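J.: Quick one: this structure, given as structure tokens, is what I'll be asking you about.
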Amino acid sequence: MDPMRNNNSPVIKRIAKRSLAANRTRNIFAICAIILTTFMLSSVFSIGSSLLQNMKTMQIRAMGTTASVFLKNPSESQIEQVKKQDLVQAAGMEIAVGSIKAKTASEKDAQIAMAYYDDTQWREHYQPAISHINGEYPRTYDKIMLSERALKQLDIQAPKINQTIRLTYVTRLGTKTSDFRLSGWYRNYTPADTGMALLSKDYCLSEGFTGQKDGRLSISCAPGDRLDCQEQLNRNVSLQKGQTFQSSYDPREGNSTDTLYIAATLIGIALFIVLSGYLLIYNVLYISVTKDIRFYGMLKTIGAAPKQIKKLVRSQIFRLSAIGIPIGILLAAAASFIVVPFALTLFSDSGSSAEIMPGDVSFNPWIFIATMLFSLLTVIISCRKPAKIAGNVSPVEALKYTGLSSGRKSAKRKSTSGGNVRRMAFHNVFRGKKRSALVFASLFMGTITFLGVTSFIDSLGVDQYLERYMPNDFRITSIPPINHKFDEQYIASLSKIDGVDSMETISTLNCDIDPDEKTLEPLFRSETIKSDDGTSYEDMAENLKLALAEGQMGVWIFSIDDHYVEDYNKSHENKIDLAAFRQGKLAILGYDDGSGYGDMLGRSIKLSPKGQGKYRTVKVGGIFDHEDCLIPSGYGQMAGLMDLVFVSDAFMKKMSPDPVIYNITINADSGREPYVEQQIQKLNSTLVDTSFEFHFKSDIRESFLSGMTSMRILGGGISIMLLIIGVLNFINVMLTSVYTRRQELAVMESVGMTKRQIKNMLTWEGGYYALITTGLILTVGNGLLWLMSRSVTGIADYAVYHYPILLLILLVQLLFIICLLVPRIVFRATSKESVTERLHQIDS
Amino acid sequence: MRILTAENLYKIYGKGESEVRALDGVSLAIEEGEFLAVVGTSGSGKSTLLNMLGGLDRPTSGSVTVRGKRLFKMKDDSLTIFRRRNIGFVFQNYNLVPVLNVYENIVLPIELDGIKPDDTYIRIIMDMLKLTDKKHSMPGNLSGGQQQRVAIARALSTKPAIILADEPTGNLDSKTTQEVLLLLRATSKKFHQTIVMITHNEEIAQMADRIIRIEDGKVVNR
């Protein structure tokens, strides 16, 4: 056995306990620092992970299913084959039965689809995308389950289980009216306003609806493996002619980049908190150790080994952690499960609104375990240096230790103006290289993390969303397929409303394209590549030419205002010849998805109104992307070579004397929007034709805001916490820098520096800290913000990053206020005793 | 010419049973150019007396007059300014400012006054204290004797009415002690500088022109 080894831990424990009891104030500070660190870590972790979870749920809800690959009219053997594939997670059957015929309360046609979902489809694919499920899936012939939207359209305000509903509905077997009993209802979130009515297996069996005839197999793949999965299916499942595996975006796989961004941000924030916590705890301990240095020296003179003293310091801090960490976690749990949900219900209107993004804060024990480990790690790192100082102090040196050093490697400095208060302050800032680095890092990171998170959340704000999707105050659109016209008088009355600033209409026309292979070659080629089923270019070109000639394929052309082209020219290198466009010589293709449109530039295509054979030539002069001019989805979805073609009014007039006006956008004078809205609503109520959709910016703003409430609150919570940490850190750092030097400051006073001069010097020091930090923010920080600004559009297509200039100015002001004031205040607080007493603390 | 007068200085800590009289009615007068030693055992009150004479600490009662100015009638900041112009301090542990080099430490009190230092005079002091080749060194790299010489130079730099030295050789070995004391005496003679030195060492006190003994806060003989 090691002869040097003895059992001294009881002694160490006793001393640790006693000196712990003697340092009440220090303990309170240390425990507060530990609590704060733990609290911040666990709040950020739990709020952040909830945010991630909620965003995922939101995406699934928007998709309406978790499945991502579909096969129409599958046979039994195909279903068997699909289920055998190892990358297939689940395969469920959905059968489209028909639609309900009814009038809504406002006398419009109800839109309610009737469908059957088999057990797998209902449980695995559909339930994750819906919420507020009451009752159960229909089990018998006459049972029916309705979505809340269906209930609303059928004007059922207080649904009851087993209530009888008489429905008239259309199926491929004809129109029928019968009684159903309500087995349940639920809320769904898909963007279309269509209602859903779910029927039982019995119903399908007895009415003869089968998967092979009317169904679609929905397949979900192992997460992240959609493409491989689809390939596997294509390889191993034999398909009939006309059958293909269609795939859509998988909301779970999805956004792996988003998840990555957010996870990276969270880890960054966590590291920042660990660093801040480290600074807080380290500073408290450092001050306490230097204060007690004589005590440690004394222990050494009576024979305590460095190891024992280190252990002493550590065991004290562990005792404090044992109190601080649990309290921090409890507080964080309280915040996550009481304060945040409370804030959510407070800010979300009425609480019953159909929020697509849930505001749940999920409990995850791992988060708390991770927090505990992180906090403990922080504590361990931060007590290393102070313990080392205490352990390595020589008993004699301990008597003289002031915690100061000139901190300069060079023994000489050629300067004769050091007595200057400003210069002295400057040298003080760079005294301990490590320490100043830490100070700058914490000041800098505090500011930049806060700026980053806040401006990031801002970039996903409602204004950006509206700018992208609803740039006008009002929009009136006819519902596809376009066969309704706005009557002239309606349009005339709209323009006469008092307070209308501008009004713009977009007309559209269904056209044939002249099937000239030489002109359309780039498009044929890209179709060949897209089809990916081994069809040769020649075959594809033949097929397409035939389809075009027979009018099965065509394109919708849209007449747009010149300003879209002007805007495009402002932001793009390749300008579109505006004059030529205006005269009807140029057309613009949309939307650029990178498939051969570029090669179409400069080619002349021939277009004719559907079926009339009166071809007109127009040159392709440019290509629009979605953001250049957004035509709402529903158009351009007909099988076609091109999504759509934009032309000028002049060209449209030549094509057709009365094209269909499908879209009217109106801007009101600012401030008069509510009045104009009222007037439009009044006009609308006189419309006989109901196939129009009315969009009001105010409505869209409201629904977006309510949808994003939880994002705003959770994100806002995180940024407020970051700000608090940042501010505390400034204060802590400034406080420590003055406190540890109070004896040196007493020396200065004894040789004749007045208190006012000392305060001036400290103020200058704080000023330098603030100045240098501001410099870092403006250089390195701006670089980081720039990097971030480039990544926001990857999160949401409407995101627009705005440099947070106002916030930056505010923060810099705050930084200066704290850096300039705190040192003065601390000095005043520590210099109450007379100079001799303060000098004494070094002498005796 | 009388440069400093102290009258009835009392410094009393605590109350009742725990009352401690650090100074118990001390009066003394110091002439210009005098090199005075105050001797006393540890705890006799000699350091307290010195701090009172220099205006570093305020007495419970009594007055100190330097160059005709009553020290304790002044407010803190103006007292500090008076002190840096009229009283030089030399401490046992040197009390140099670690971030400033030797020259900067020496001229610190002058520059704190916002005055440009008289370089000829500073050069004379530095020559005399053998500091010229250490002009740009940082205090951390100097020996104890060197640091104390910087402290003495700093005390001299403002041409003060009086220099107060509290155990100036307390941290030095005997050879360095001798050297520093000789320098101290030489400066006293050369610049006609009044110096009050505190020590517990009789031998060191013998270097002074006059010796005052303090016991239990009282002057015992003169």
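Following the order of the structure tokens, first chain is A, next is B, and so on, with residues numbered from 1 inside each chain and ligands from 1 in the order they appear.
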Using only C-alpha atoms, which protein or nucleic acid residues come within 12 Å of Leu787 of chain A? Drop anything in the same chain fewer than 5 positions from it, and give the result as a ChimeraX atom specification.
T.: /A:452,456,780-782,792-793,801,803
J.: How about saving the chosen residues, C-alpha atoms kept, as a PDB file, in the first residue's frame?
T.:
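Ended up saving to part_23.pdb:
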```pdb
ATOM      1  CA  GLY A 452     -28.533  36.723 -34.582  1.00  0.00           C
ATOM      2  CA  PHE A 456     -33.388  35.406 -37.581  1.00  0.00           C
ATOM      3  CA  VAL A 780     -16.463  39.695 -37.194  1.00  0.00           C
ATOM      4  CA  GLY A 781     -20.051  39.954 -35.997  1.00  0.00           C
ATOM      5  CA  ASN A 782     -21.275  41.401 -39.258  1.00  0.00           C
ATOM      6  CA  VAL A 792     -32.577  32.177 -43.857  1.00  0.00           C
ATOM      7  CA  THR A 793     -34.138  31.594 -47.259  1.00  0.00           C
ATOM      8  CA  TYR A 801     -33.274  39.011 -43.784  1.00  0.00           C
ATOM      9  CA  TYR A 803     -29.948  43.793 -40.897  1.00  0.00           C
TER      10      TYR A 803
END
```
J.: Could you check which of A:Ile605, A:Ile219, A:Ile317, A:Leu705 is closest to Glu124 of chain A, using only C-alpha atoms?
T.: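 The shortest atom-to-atom distance to Glu124 of chain A comes from A:Ile219.
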J.: Between B:Val219, B:Val20, B:Met52, B:Val39, which is the closest to chain A once you count only C-alpha atoms?
T.: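 Among B:Val219, B:Val20, B:Met52, B:Val39, it is B:Met52 that comes nearest to chain A.
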J.: Find the spatial neighbours of Val170 of chain A, counting only C-alpha atoms, within a cut-off of 8 Å - ignore same-chain residues fewer than 5 positions away - and output them as a list in words.
T.: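 So, after excluding close chain neighbours, the residues are Gly98, Ser99, Ile100, Lys101, Thr175 and Lys176 of chain A.
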J.: Could you give me the residues within chain B that DSSP places in strand (DSSP E), as JSON, numbers by chain?
T.: {"B": [2, 3, 4, 5, 6, 7, 8, 9, 10, 11, 12, 13, 20, 21, 22, 23, 24, 25, 26, 27, 28, 29, 30, 31, 35, 36, 37, 38, 39, 61, 62, 63, 64, 65, 66, 69, 70, 87, 88, 89, 90, 162, 163, 164, 165, 166, 194, 195, 196, 197, 198, 199, 210, 211, 212, 213, 214, 215, 218, 219, 220, 221]}
J.: Select all residues from chain B having any atom no more than 6 Å from an atom of chain A (counting only C-alpha atoms, ignoring ligands), output as a list in words.
T.: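 Within 6 Å of chain A on chain B, we get Asp77, Thr80, Arg84, Asn95, Pro98, Val99, Glu104, Leu108, Pro109, Glu111, His136, Ser137 and Met138 of chain B.
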J.: Please save C-alpha atoms of the selected residues as a PDB file, in the first residue's frame.
T.:
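Final file, result11.pdb:
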```pdb
ATOM      1  CA  ASP B  77     -10.530  64.620  -2.902  1.00  0.00           C
ATOM      2  CA  THR B  80      -5.739  63.617  -1.806  1.00  0.00           C
ATOM      3  CA  ARG B  84       0.154  64.215  -3.676  1.00  0.00           C
ATOM      4  CA  ASN B  95       3.225  49.779  -3.683  1.00  0.00           C
ATOM      5  CA  PRO B  98       2.361  47.052 -11.907  1.00  0.00           C
ATOM      6  CA  VAL B  99       1.172  48.270 -15.318  1.00  0.00           C
ATOM      7  CA  GLU B 104       5.987  56.256 -15.343  1.00  0.00           C
ATOM      8  CA  LEU B 108       2.765  59.327 -11.664  1.00  0.00           C
ATOM      9  CA  PRO B 109       1.946  61.815  -8.861  1.00  0.00           C
ATOM     10  CA  GLU B 111       1.065  63.542 -14.050  1.00  0.00           C
ATOM     11  CA  HIS B 136      11.804  51.441 -18.923  1.00  0.00           C
ATOM     12  CA  SER B 137      11.726  48.314 -16.768  1.00  0.00           C
ATOM     13  CA  MET B 138       8.465  47.034 -15.350  1.00  0.00           C
TER      14      MET B 138
END
```
J.: Kindly give the distance, in Å, that separates atom CA of Gly55 of chain B and atom CA of Met74 of chain B, rounded to a single decimal.
T.: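 Computing it gives 9.8 Å between the two atoms.
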J.: Quick check, in Å to one decimal: how far apart do atom CA of Thr454 of chain A and atom CA of Gly268 of chain A lie?
T.: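 Answer for the atom CA of Thr454 of chain A to atom CA of Gly268 of chain A separation: 14.3 Å.
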J.: What's around Val727 of chain A at 9 Å? Count only C-alpha atoms, leave out sequence neighbours fewer than 6 positions away in its own chain, and write the answer as a ChimeraX atom specification.
T.: /A:443,446-447,814-815,818
J.: The selected residues should be written to file as a PDB file, in the first residue's frame (atoms: C-alpha atoms).
T.:
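Result went into result_23.pdb, see below:
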```
ATOM      1  CA  LEU A 443     -19.333  40.642 -24.451  1.00  0.00           C
ATOM      2  CA  GLY A 446     -23.656  37.894 -25.872  1.00  0.00           C
ATOM      3  CA  THR A 447     -24.430  40.663 -28.302  1.00  0.00           C
ATOM      4  CA  LEU A 814     -26.634  49.316 -23.489  1.00  0.00           C
ATOM      5  CA  LEU A 815     -23.109  47.959 -23.756  1.00  0.00           C
ATOM      6  CA  ILE A 818     -23.013  49.143 -18.532  1.00  0.00           C
TER       7      ILE A 818
END
```
